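Structure file input21.json (JSON, C-alpha atoms) follows.
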```json
[["chain", "number", "residue", "atom", "x", "y", "z"],
["A", 1, "ARG", "CA", 23.16, 64.88, -46.10],
["A", 2, "SER", "CA", 26.21, 64.66, -48.33],
["A", 3, "PRO", "CA", 25.80, 65.07, -52.12],
["A", 4, "HIS", "CA", 27.04, 61.52, -52.56],
["A", 5, "MET", "CA", 24.23, 60.07, -50.30],
["A", 6, "ASN", "CA", 21.57, 62.06, -52.13],
["A", 7, "THR", "CA", 22.80, 60.64, -55.40],
["A", 8, "VAL", "CA", 22.72, 57.05, -54.16],
["A", 9, "LEU", "CA", 19.25, 57.23, -52.56],
["A", 10, "ASP", "CA", 17.75, 59.12, -55.45],
["A", 11, "SER", "CA", 18.94, 56.58, -57.97],
["A", 12, "PRO", "CA", 16.05, 54.31, -59.10],
["A", 13, "GLU", "CA", 18.42, 51.46, -59.72],
["A", 14, "GLU", "CA", 19.78, 51.54, -56.19],
["A", 15, "LEU", "CA", 16.30, 51.75, -54.69],
["A", 16, "ALA", "CA", 15.24, 48.75, -56.73],
["A", 17, "LYS", "CA", 18.24, 46.77, -55.54],
["A", 18, "ILE", "CA", 17.54, 47.58, -51.89],
["A", 19, "THR", "CA", 13.86, 46.73, -52.27],
["A", 20, "SER", "CA", 14.73, 43.46, -53.96],
["A", 21, "LYS", "CA", 17.09, 42.48, -51.16],
["A", 22, "VAL", "CA", 14.47, 43.28, -48.51],
["A", 23, "LEU", "CA", 11.81, 41.28, -50.31],
["A", 24, "THR", "CA", 14.20, 38.39, -50.83],
["A", 25, "GLY", "CA", 15.12, 38.36, -47.14],
["A", 26, "LEU", "CA", 11.47, 38.54, -46.15],
["A", 27, "ALA", "CA", 10.55, 35.69, -48.47],
["A", 28, "ALA", "CA", 13.43, 33.60, -47.15],
["A", 29, "ALA", "CA", 12.28, 34.25, -43.58],
["A", 30, "ILE", "CA", 8.72, 33.25, -44.47],
["A", 31, "ILE", "CA", 9.92, 30.09, -46.16],
["A", 32, "LEU", "CA", 12.17, 29.23, -43.21],
["A", 33, "VAL", "CA", 9.34, 29.75, -40.72],
["A", 34, "SER", "CA", 7.04, 27.67, -42.89],
["A", 35, "VAL", "CA", 9.54, 24.85, -43.11],
["A", 36, "LEU", "CA", 10.21, 24.87, -39.37],
["A", 37, "SER", "CA", 6.52, 25.02, -38.53],
["A", 38, "SER", "CA", 5.85, 22.13, -40.90],
["A", 39, "PHE", "CA", 7.33, 19.72, -38.36],
["A", 40, "SER", "CA", 6.48, 19.06, -34.75],
["A", 41, "VAL", "CA", 8.47, 16.93, -32.32],
["A", 42, "ILE", "CA", 6.50, 14.30, -30.45],
["A", 43, "ALA", "CA", 8.45, 13.58, -27.27],
["A", 44, "PRO", "CA", 9.32, 9.99, -26.28],
["A", 45, "GLY", "CA", 6.53, 8.28, -24.36],
["A", 46, "ASN", "CA", 3.85, 10.31, -26.15],
["A", 47, "THR", "CA", 1.66, 10.02, -29.21],
["A", 48, "GLY", "CA", 0.70, 13.01, -31.32],
["A", 49, "VAL", "CA", -2.70, 13.97, -32.69],
["A", 50, "ILE", "CA", -2.84, 16.14, -35.81],
["A", 51, "PHE", "CA", -6.07, 18.09, -36.28],
["A", 52, "ASN", "CA", -6.97, 19.67, -39.64],
["A", 53, "ILE", "CA", -8.74, 22.96, -38.98],
["A", 54, "TRP", "CA", -10.33, 23.07, -42.44],
["A", 55, "THR", "CA", -11.61, 19.51, -42.70],
["A", 56, "GLY", "CA", -11.91, 18.61, -38.99],
["A", 57, "SER", "CA", -10.04, 15.33, -39.55],
["A", 58, "LEU", "CA", -7.88, 13.74, -36.85],
["A", 59, "ARG", "CA", -4.94, 11.38, -37.18],
["A", 60, "SER", "CA", -2.48, 9.95, -34.66],
["A", 61, "VAL", "CA", 1.27, 9.85, -35.15],
["A", 62, "PRO", "CA", 3.93, 8.10, -33.03],
["A", 63, "GLN", "CA", 6.82, 9.75, -31.18],
["A", 64, "GLY", "CA", 9.42, 11.55, -33.32],
["A", 65, "MET", "CA", 9.08, 14.14, -36.07],
["A", 66, "ALA", "CA", 5.54, 14.74, -37.32],
["A", 67, "TRP", "CA", 4.79, 16.67, -40.53],
["A", 68, "ARG", "CA", 2.01, 19.24, -40.51],
["A", 69, "MET", "CA", 0.65, 22.01, -42.69],
["A", 70, "PRO", "CA", 1.40, 25.42, -41.16],
["A", 71, "TRP", "CA", -1.65, 27.47, -40.12],
["A", 72, "ILE", "CA", -3.94, 24.63, -41.21],
["A", 73, "THR", "CA", -3.21, 21.78, -38.82],
["A", 74, "GLN", "CA", -2.84, 21.68, -35.02],
["A", 75, "VAL", "CA", -0.67, 19.13, -33.16],
["A", 76, "GLN", "CA", -1.17, 17.96, -29.58],
["A", 77, "SER", "CA", 0.68, 15.27, -27.60],
["A", 78, "TYR", "CA", -0.76, 12.80, -25.06],
["A", 79, "PRO", "CA", 1.14, 10.34, -22.83],
["A", 80, "THR", "CA", 1.33, 6.70, -23.88],
["A", 81, "ALA", "CA", 3.94, 6.09, -21.16],
["A", 82, "LEU", "CA", 2.55, 5.77, -17.64],
["A", 83, "ARG", "CA", 1.89, 9.11, -15.98],
["A", 84, "THR", "CA", 1.11, 9.65, -12.28],
["A", 85, "TYR", "CA", -1.18, 12.28, -10.82],
["A", 86, "THR", "CA", -0.72, 12.70, -7.05],
["A", 87, "MET", "CA", -2.99, 14.35, -4.51],
["A", 88, "VAL", "CA", -1.44, 14.63, -1.04],
["A", 89, "ARG", "CA", -1.54, 16.79, 2.06],
["A", 90, "ARG", "CA", 2.14, 17.74, 2.05],
["A", 91, "THR", "CA", 2.77, 20.82, -0.07],
["A", 92, "SER", "CA", 5.95, 19.71, -1.83],
["A", 93, "GLU", "CA", 4.85, 16.20, -2.87],
["A", 94, "GLY", "CA", 1.63, 16.53, -4.86],
["A", 95, "SER", "CA", 0.86, 17.45, -8.45],
["A", 96, "ALA", "CA", -0.85, 20.62, -7.19],
["A", 97, "ILE", "CA", 0.45, 23.21, -4.73],
["A", 98, "GLY", "CA", -0.85, 23.08, -1.15],
["A", 99, "ASP", "CA", -2.98, 20.53, 0.66],
["A", 100, "ASP", "CA", -4.51, 18.51, -2.17],
["A", 101, "SER", "CA", -5.63, 15.41, -0.27],
["A", 102, "ILE", "CA", -9.14, 14.09, -0.88],
["A", 103, "PRO", "CA", -11.98, 14.81, 1.60],
["A", 104, "THR", "CA", -13.35, 11.27, 1.83],
["A", 105, "ARG", "CA", -16.01, 11.79, 4.53],
["A", 106, "GLU", "CA", -18.23, 14.84, 4.54],
["A", 107, "GLY", "CA", -18.84, 16.36, 7.96],
["A", 108, "GLN", "CA", -15.83, 14.61, 9.48],
["A", 109, "HIS", "CA", -13.21, 16.30, 7.28],
["A", 110, "ILE", "CA", -11.14, 13.17, 6.74],
["A", 111, "THR", "CA", -8.62, 13.59, 3.95],
["A", 112, "GLN", "CA", -6.78, 10.89, 2.07],
["A", 113, "ASP", "CA", -3.52, 10.96, 0.10],
["A", 114, "ILE", "CA", -3.85, 9.21, -3.27],
["A", 115, "SER", "CA", -1.88, 8.74, -6.47],
["A", 116, "VAL", "CA", -3.28, 7.58, -9.81],
["A", 117, "THR", "CA", -1.16, 6.14, -12.61],
["A", 118, "TYR", "CA", -2.67, 6.19, -16.10],
["A", 119, "ASN", "CA", -1.95, 6.67, -19.80],
["A", 120, "THR", "CA", -3.58, 6.51, -23.21],
["A", 121, "SER", "CA", -2.79, 4.54, -26.36],
["A", 122, "GLU", "CA", -2.01, 5.61, -29.88],
["A", 123, "ASP", "CA", -5.36, 4.37, -31.17],
["A", 124, "LYS", "CA", -7.27, 6.30, -28.43],
["A", 125, "ALA", "CA", -5.25, 9.52, -28.46],
["A", 126, "ALA", "CA", -7.58, 11.03, -31.07],
["A", 127, "GLN", "CA", -10.52, 10.24, -28.77],
["A", 128, "VAL", "CA", -8.78, 12.14, -25.96],
["A", 129, "PHE", "CA", -8.20, 15.11, -28.28],
["A", 130, "LYS", "CA", -11.85, 15.11, -29.33],
["A", 131, "SER", "CA", -13.19, 14.65, -25.78],
["A", 132, "PHE", "CA", -11.22, 17.61, -24.41],
["A", 133, "ARG", "CA", -11.14, 19.79, -27.55],
["A", 134, "GLY", "CA", -7.40, 19.61, -27.95],
["A", 135, "SER", "CA", -6.54, 20.63, -24.38],
["A", 136, "ASP", "CA", -3.06, 19.91, -23.04],
["A", 137, "ILE", "CA", -2.65, 16.95, -20.67],
["A", 138, "SER", "CA", -1.77, 19.22, -17.73],
["A", 139, "GLU", "CA", -5.03, 21.10, -18.20],
["A", 140, "ILE", "CA", -6.94, 17.82, -18.41],
["A", 141, "GLU", "CA", -5.35, 16.65, -15.15],
["A", 142, "ALA", "CA", -6.19, 19.89, -13.36],
["A", 143, "THR", "CA", -9.84, 19.63, -14.35],
["A", 144, "PHE", "CA", -11.31, 16.29, -15.43],
["A", 145, "ILE", "CA", -8.91, 13.82, -13.82],
["A", 146, "ARG", "CA", -8.76, 15.69, -10.53],
["A", 147, "ARG", "CA", -12.55, 16.07, -10.22],
["A", 148, "THR", "CA", -13.15, 12.46, -11.24],
["A", 149, "ILE", "CA", -10.71, 11.12, -8.63],
["A", 150, "ILE", "CA", -12.39, 13.16, -5.90],
["A", 151, "THR", "CA", -15.91, 12.11, -6.90],
["A", 152, "VAL", "CA", -15.08, 8.40, -7.18],
["A", 153, "ALA", "CA", -13.13, 8.37, -3.92],
["A", 154, "GLN", "CA", -15.91, 10.11, -1.99],
["A", 155, "ASN", "CA", -18.58, 7.79, -3.37],
["A", 156, "SER", "CA", -16.52, 4.71, -2.51],
["A", 157, "ALA", "CA", -15.63, 5.94, 0.97],
["A", 158, "GLY", "CA", -19.25, 6.83, 1.71],
["A", 159, "GLN", "CA", -20.09, 3.13, 1.90],
["A", 160, "MET", "CA", -17.70, 2.51, 4.82],
["A", 161, "SER", "CA", -17.38, 3.52, 8.45],
["A", 162, "LEU", "CA", -14.52, 5.59, 9.81],
["A", 163, "SER", "CA", -12.66, 2.67, 11.38],
["A", 164, "GLU", "CA", -13.03, 0.66, 8.17],
["A", 165, "LEU", "CA", -11.61, 3.51, 6.09],
["A", 166, "ILE", "CA", -8.41, 3.80, 8.05],
["A", 167, "SER", "CA", -7.85, 0.16, 8.99],
["A", 168, "SER", "CA", -9.85, -2.99, 8.27],
["A", 169, "LYS", "CA", -11.24, -2.17, 4.82],
["A", 170, "ARG", "CA", -8.50, 0.06, 3.46],
["A", 171, "ASP", "CA", -7.60, -2.44, 0.72],
["A", 172, "GLU", "CA", -11.26, -2.78, -0.22],
["A", 173, "LEU", "CA", -11.52, 1.00, -0.54],
["A", 174, "GLN", "CA", -8.51, 1.09, -2.85],
["A", 175, "ASP", "CA", -9.94, -1.68, -5.01],
["A", 176, "ALA", "CA", -13.34, 0.02, -5.17],
["A", 177, "ILE", "CA", -11.78, 3.33, -6.25],
["A", 178, "GLN", "CA", -9.66, 1.61, -8.88],
["A", 179, "LYS", "CA", -12.62, -0.27, -10.36],
["A", 180, "SER", "CA", -14.89, 2.80, -10.63],
["A", 181, "LEU", "CA", -12.15, 5.18, -11.73],
["A", 182, "SER", "CA", -11.06, 2.81, -14.49],
["A", 183, "VAL", "CA", -14.55, 2.94, -15.98],
["A", 184, "GLU", "CA", -14.71, 6.75, -15.87],
["A", 185, "LEU", "CA", -11.27, 7.30, -17.39],
["A", 186, "ASN", "CA", -11.86, 4.73, -20.10],
["A", 187, "LYS", "CA", -14.92, 6.64, -21.28],
["A", 188, "MET", "CA", -12.66, 9.57, -22.20],
["A", 189, "GLY", "CA", -9.89, 7.54, -23.83],
["A", 190, "PHE", "CA", -7.58, 6.96, -20.86],
["A", 191, "ALA", "CA", -6.49, 3.64, -19.37],
["A", 192, "LEU", "CA", -6.02, 3.34, -15.59],
["A", 193, "ASP", "CA", -2.99, 1.38, -14.42],
["A", 194, "LYS", "CA", -2.99, 1.67, -10.62],
["A", 195, "VAL", "CA", -4.51, 3.50, -7.66],
["A", 196, "ASN", "CA", -2.38, 3.82, -4.52],
["A", 197, "LEU", "CA", -3.74, 5.12, -1.22],
["A", 198, "GLY", "CA", -1.30, 6.99, 1.00],
["A", 199, "ALA", "CA", -1.76, 8.37, 4.49],
["A", 200, "SER", "CA", -5.15, 9.16, 6.00],
["A", 201, "HIS", "CA", -5.48, 12.48, 7.84],
["A", 202, "LEU", "CA", -7.97, 13.02, 10.68],
["A", 203, "PRO", "CA", -8.89, 16.22, 12.55],
["A", 204, "GLN", "CA", -6.96, 16.54, 15.82],
["A", 205, "THR", "CA", -10.02, 15.91, 18.02],
["A", 206, "LEU", "CA", -11.07, 12.89, 15.99],
["A", 207, "GLU", "CA", -7.53, 11.54, 15.95],
["A", 208, "MET", "CA", -7.37, 11.79, 19.77],
["A", 209, "GLN", "CA", -10.66, 9.91, 20.03],
["A", 210, "MET", "CA", -9.35, 7.18, 17.75],
["A", 211, "GLN", "CA", -6.14, 6.92, 19.76],
["A", 212, "GLN", "CA", -8.11, 6.63, 23.01],
["A", 213, "LYS", "CA", -10.32, 3.96, 21.48],
["A", 214, "MET", "CA", -7.33, 2.01, 20.24],
["A", 215, "ALA", "CA", -5.66, 2.31, 23.66],
["A", 216, "ALA", "CA", -8.82, 1.01, 25.36],
["A", 217, "GLN", "CA", -8.96, -1.89, 22.94],
["A", 218, "GLN", "CA", -5.33, -2.71, 23.61],
["A", 219, "GLN", "CA", -5.93, -2.62, 27.38],
["A", 220, "ALA", "CA", -8.94, -4.91, 27.00],
["A", 221, "GLN", "CA", -6.89, -7.31, 24.91],
["A", 222, "GLN", "CA", -4.10, -7.24, 27.49],
["A", 223, "ALA", "CA", -6.58, -7.92, 30.32],
["A", 224, "GLU", "CA", -8.07, -10.81, 28.37],
["A", 225, "TYR", "CA", -4.60, -12.18, 27.77],
["A", 226, "GLU", "CA", -3.76, -11.97, 31.47],
["A", 227, "LEU", "CA", -7.04, -13.70, 32.36],
["A", 228, "GLN", "CA", -6.33, -16.51, 29.92],
["A", 229, "LYS", "CA", -2.80, -16.75, 31.30],
["A", 230, "GLN", "CA", -4.05, -17.09, 34.88],
["A", 231, "GLU", "CA", -6.64, -19.66, 33.84],
["A", 232, "MET", "CA", -3.95, -21.68, 32.12],
["A", 233, "LEU", "CA", -1.69, -21.46, 35.20],
["A", 234, "ALA", "CA", -4.56, -22.52, 37.47],
["A", 235, "LYS", "CA", -5.35, -25.47, 35.23],
["A", 236, "ALA", "CA", -1.68, -26.41, 35.22],
["A", 237, "ALA", "CA", -1.57, -26.25, 39.03],
["A", 238, "VAL", "CA", -4.69, -28.40, 39.31],
["A", 239, "ALA", "CA", -3.24, -30.88, 36.88],
["A", 240, "LYS", "CA", 0.01, -30.95, 38.85],
["A", 241, "ALA", "CA", -1.82, -31.47, 42.15],
["A", 242, "GLU", "CA", -3.95, -34.21, 40.65],
["A", 243, "GLY", "CA", -0.84, -35.85, 39.30],
["A", 244, "GLU", "CA", 0.91, -35.71, 42.66],
["A", 245, "ALA", "CA", -2.17, -37.08, 44.45],
["A", 246, "GLN", "CA", -2.45, -39.86, 41.94],
["A", 247, "SER", "CA", 1.23, -40.63, 42.41],
["A", 248, "VAL", "CA", 0.82, -40.82, 46.22],
["A", 249, "LEU", "CA", -2.21, -43.06, 45.83],
["A", 250, "VAL", "CA", -0.34, -45.36, 43.51],
["A", 251, "ARG", "CA", 2.61, -45.56, 45.90],
["A", 252, "ALA", "CA", 0.29, -46.23, 48.87],
["A", 253, "LYS", "CA", -1.49, -48.95, 47.00],
["A", 254, "ALA", "CA", 1.84, -50.50, 46.04],
["A", 255, "GLU", "CA", 3.12, -50.43, 49.63],
["A", 256, "SER", "CA", -0.14, -51.86, 50.94],
["A", 257, "GLU", "CA", -0.03, -54.68, 48.44],
["A", 258, "ALA", "CA", 3.61, -55.38, 49.32],
["A", 259, "ASN", "CA", 2.82, -55.55, 53.04],
["A", 260, "ARG", "CA", -0.13, -57.85, 52.39],
["A", 261, "MET", "CA", 1.98, -60.18, 50.35],
["A", 262, "LEU", "CA", 4.74, -60.07, 53.00],
["A", 263, "GLN", "CA", 2.30, -60.98, 55.74],
["A", 264, "THR", "CA", 0.91, -63.95, 53.83],
["A", 265, "THR", "CA", 4.36, -65.40, 53.20],
["A", 266, "LEU", "CA", 5.98, -64.62, 56.59],
["A", 267, "THR", "CA", 6.51, -67.76, 58.85],
["A", 268, "ALA", "CA", 8.50, -68.50, 62.08],
["A", 269, "ILE", "CA", 11.11, -70.49, 60.18],
["A", 270, "LEU", "CA", 11.52, -67.72, 57.62],
["A", 271, "ILE", "CA", 11.93, -65.13, 60.39],
["A", 272, "GLN", "CA", 14.54, -67.33, 62.12],
["A", 273, "ASN", "CA", 16.38, -67.81, 58.85],
["A", 274, "LYS", "CA", 16.46, -64.07, 58.22],
["A", 275, "THR", "CA", 17.82, -63.56, 61.74],
["A", 276, "ILE", "CA", 20.61, -66.08, 61.20],
["A", 277, "GLU", "CA", 21.49, -64.37, 57.91],
["A", 278, "LYS", "CA", 21.87, -61.11, 59.77],
["A", 279, "TRP", "CA", 23.91, -62.65, 62.72],
["A", 280, "ASN", "CA", 27.65, -62.07, 62.58],
["A", 281, "GLY", "CA", 28.51, -65.20, 64.62],
["A", 282, "ILE", "CA", 29.50, -63.43, 67.81],
["A", 283, "LEU", "CA", 27.64, -64.29, 70.98],
["A", 284, "PRO", "CA", 26.79, -61.50, 73.37],
["A", 285, "GLN", "CA", 29.21, -61.16, 76.34],
["A", 286, "VAL", "CA", 26.40, -60.67, 78.83],
["A", 287, "THR", "CA", 23.14, -62.44, 78.68],
["A", 288, "GLY", "CA", 20.15, -62.13, 80.84],
["A", 289, "GLY", "CA", 18.37, -65.26, 79.89],
["A", 290, "ALA", "CA", 17.88, -67.55, 76.98],
["A", 291, "MET", "CA", 19.17, -66.60, 73.54],
["A", 292, "PRO", "CA", 16.28, -65.22, 71.54],
["A", 293, "LEU", "CA", 15.31, -66.62, 68.18],
["A", 294, "LEU", "CA", 17.98, -69.37, 68.32],
["A", 295, "ASP", "CA", 16.95, -73.03, 68.59],
["A", 296, "LEU", "CA", 20.20, -74.95, 69.17],
["A", 297, "ASN", "CA", 18.49, -78.31, 68.88],
["A", 298, "SER", "CA", 17.41, -77.59, 65.39]]
```
Would you put the structure from the file into structure tokens?
Amino acid sequence: RSPHMNTVLDSPEELAKITSKVLTGLAAAIILVSVLSSFSVIAPGNTGVIFNIWTGSLRSVPQGMAWRMPWITQVQSYPTALRTYTMVRRTSEGSAIGDDSIPTREGQHITQDISVTYNTSEDKAAQVFKSFRGSDISEIEATFIRRTIITVAQNSAGQMSLSELISSKRDELQDAIQKSLSVELNKMGFALDKVNLGASHLPQTLEMQMQQKMAAQQQAQQAEYELQKQEMLAKAAVAKAEGEAQSVLVRAKAESEANRMLQTTLTAILIQNKTIEKWNGILPQVTGGAMPLLDLNS
């Protein structure tokens, strides 16, 4: 080292100055960290819960900046805006990676896509914090909410047959899940908004059986339709034939009545008069006897 450096470092005054600067910088850093850690940002659509480690007290704060005591209080956010948790078969669409659809029927391996929309409120956020010991909402979804959806869906689906699950009682299944799930989520401080059922997934063999059954039903319905169509055509033909026969009968009766009336009113004078009306006044050039139907005296 140079003589000048030895002089500077060995000087008590210079060492004191350097130490003072280091301590001042360290104190400033501690103060800055303390100030920054005294505030937490509660994102829009969330409510914050501040937990005092020493006293165990909880208090809720709205979105925005929330003041806290560094190293003494813990802050956690929970959604007051609607949040959707999705469980589907397709890998890229669900909240979890991979096939996350619900097995609704044990032994038949039927899976069901489902999405659940929920949230909490500012007055119940502290209850959520207490129920799950301050866990983050993503951790709560991966454990409690996921397991609860599966359990409720399986219990509701267990009361229905296969055909009812995928067709006739699908709406009833959705309503049953929503009703039961709302109760379970509410116990832990959450409010359920809506349950939506997506696609139902059957094993390939079972799906083929269902397709064959549906095809047979369609064929039976088509055969019944054709039978009803032929019956209607036959009835129409009978009605047409009856109408034509009735028409002929009416005409025959009319002609018979006309002939009867004609016979009762027909006389020799009337016949002669009709003949004269038809005669054109020209006598025949050749006659073989008396003129028929002509009485010259009269």
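Between A:Glu164 and the residues A:Val183, A:Ser200, A:Ala125, A:Met208, the shortest atom-to-atom distance, using all atoms listed in the file, involves A:Ser200.
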Q | Between atom CA of A:Ala252 and atom CA of A:Thr264, distance in Å (one decimal) | A | 18.4 Å
(Q) Report as a list in words all protein, DNA and RNA residues lying within 9 Å of stretch 78-85 of chain A, evaluated on all atoms listed in the file, omitting residues in the same chain fewer than 2 positions from it. (A)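 Counting all atoms listed in the file, the residues come to Pro44, Gly45, Asn46, Thr47, Gly48, Val49, Gln76, Met87, Gly94, Ser95, Ile114, Ser115, Val116, Thr117, Tyr118, Asn119, Thr120, Ser121, Glu122, Ala125, Val128, Phe129, Asp136, Ile137, Glu141, Ile145, Arg146 and Asp193 of chain A.
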Write a file of the just-selected residues containing C-alpha atoms, as a PDB file, keeping the file's coordinate frame.
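Saved the output as result.pdb:
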```pdb
ATOM      1  CA  PRO A  44       9.320   9.990 -26.280  1.00  0.00           C
ATOM      2  CA  GLY A  45       6.530   8.280 -24.360  1.00  0.00           C
ATOM      3  CA  ASN A  46       3.850  10.310 -26.150  1.00  0.00           C
ATOM      4  CA  THR A  47       1.660  10.020 -29.210  1.00  0.00           C
ATOM      5  CA  GLY A  48       0.700  13.010 -31.320  1.00  0.00           C
ATOM      6  CA  VAL A  49      -2.700  13.970 -32.690  1.00  0.00           C
ATOM      7  CA  GLN A  76      -1.170  17.960 -29.580  1.00  0.00           C
ATOM      8  CA  MET A  87      -2.990  14.350  -4.510  1.00  0.00           C
ATOM      9  CA  GLY A  94       1.630  16.530  -4.860  1.00  0.00           C
ATOM     10  CA  SER A  95       0.860  17.450  -8.450  1.00  0.00           C
ATOM     11  CA  ILE A 114      -3.850   9.210  -3.270  1.00  0.00           C
ATOM     12  CA  SER A 115      -1.880   8.740  -6.470  1.00  0.00           C
ATOM     13  CA  VAL A 116      -3.280   7.580  -9.810  1.00  0.00           C
ATOM     14  CA  THR A 117      -1.160   6.140 -12.610  1.00  0.00           C
ATOM     15  CA  TYR A 118      -2.670   6.190 -16.100  1.00  0.00           C
ATOM     16  CA  ASN A 119      -1.950   6.670 -19.800  1.00  0.00           C
ATOM     17  CA  THR A 120      -3.580   6.510 -23.210  1.00  0.00           C
ATOM     18  CA  SER A 121      -2.790   4.540 -26.360  1.00  0.00           C
ATOM     19  CA  GLU A 122      -2.010   5.610 -29.880  1.00  0.00           C
ATOM     20  CA  ALA A 125      -5.250   9.520 -28.460  1.00  0.00           C
ATOM     21  CA  VAL A 128      -8.780  12.140 -25.960  1.00  0.00           C
ATOM     22  CA  PHE A 129      -8.200  15.110 -28.280  1.00  0.00           C
ATOM     23  CA  ASP A 136      -3.060  19.910 -23.040  1.00  0.00           C
ATOM     24  CA  ILE A 137      -2.650  16.950 -20.670  1.00  0.00           C
ATOM     25  CA  GLU A 141      -5.350  16.650 -15.150  1.00  0.00           C
ATOM     26  CA  ILE A 145      -8.910  13.820 -13.820  1.00  0.00           C
ATOM     27  CA  ARG A 146      -8.760  15.690 -10.530  1.00  0.00           C
ATOM     28  CA  ASP A 193      -2.990   1.380 -14.420  1.00  0.00           C
TER      29      ASP A 193
END
```
Q | Å distance separating atom CA of A:Arg170 from atom CA of A:Lys187, one decimal place | A |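 Taking atom CA of A:Arg170 as the start and atom CA of A:Lys187 as the end point, the length is 26.4 Å.
Put simply, atom CA of A:Leu202 is 22.7 Å away from atom CA of A:Gln178.
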(Q) Would you pick out the contacts of A:Leu173 at 9 Å or less, using all atoms listed in the file, so that residues sharing its chain but fewer than 5 positions from it are not included, and give the list as a list in words? (A) Ala153, Ser156, Ala157, Met160, Glu164, Leu165, Gln178 and Leu197 of chain A
When you look at A:Ile72 with a cut-off of 7 Å (counting all atoms listed in the file), what residues show up, excluding the ones that are within fewer than 2 positions of it in the same chain? I need them as a PDB file with C-alpha atoms, in the frame of the given file.
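Dumped everything to out_9.pdb:
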```pdb
ATOM      1  CA  ASN A  52      -6.970  19.670 -39.640  1.00  0.00           C
ATOM      2  CA  ILE A  53      -8.740  22.960 -38.980  1.00  0.00           C
ATOM      3  CA  TRP A  54     -10.330  23.070 -42.440  1.00  0.00           C
ATOM      4  CA  MET A  69       0.650  22.010 -42.690  1.00  0.00           C
ATOM      5  CA  PRO A  70       1.400  25.420 -41.160  1.00  0.00           C
ATOM      6  CA  GLN A  74      -2.840  21.680 -35.020  1.00  0.00           C
TER       7      GLN A  74
END
```
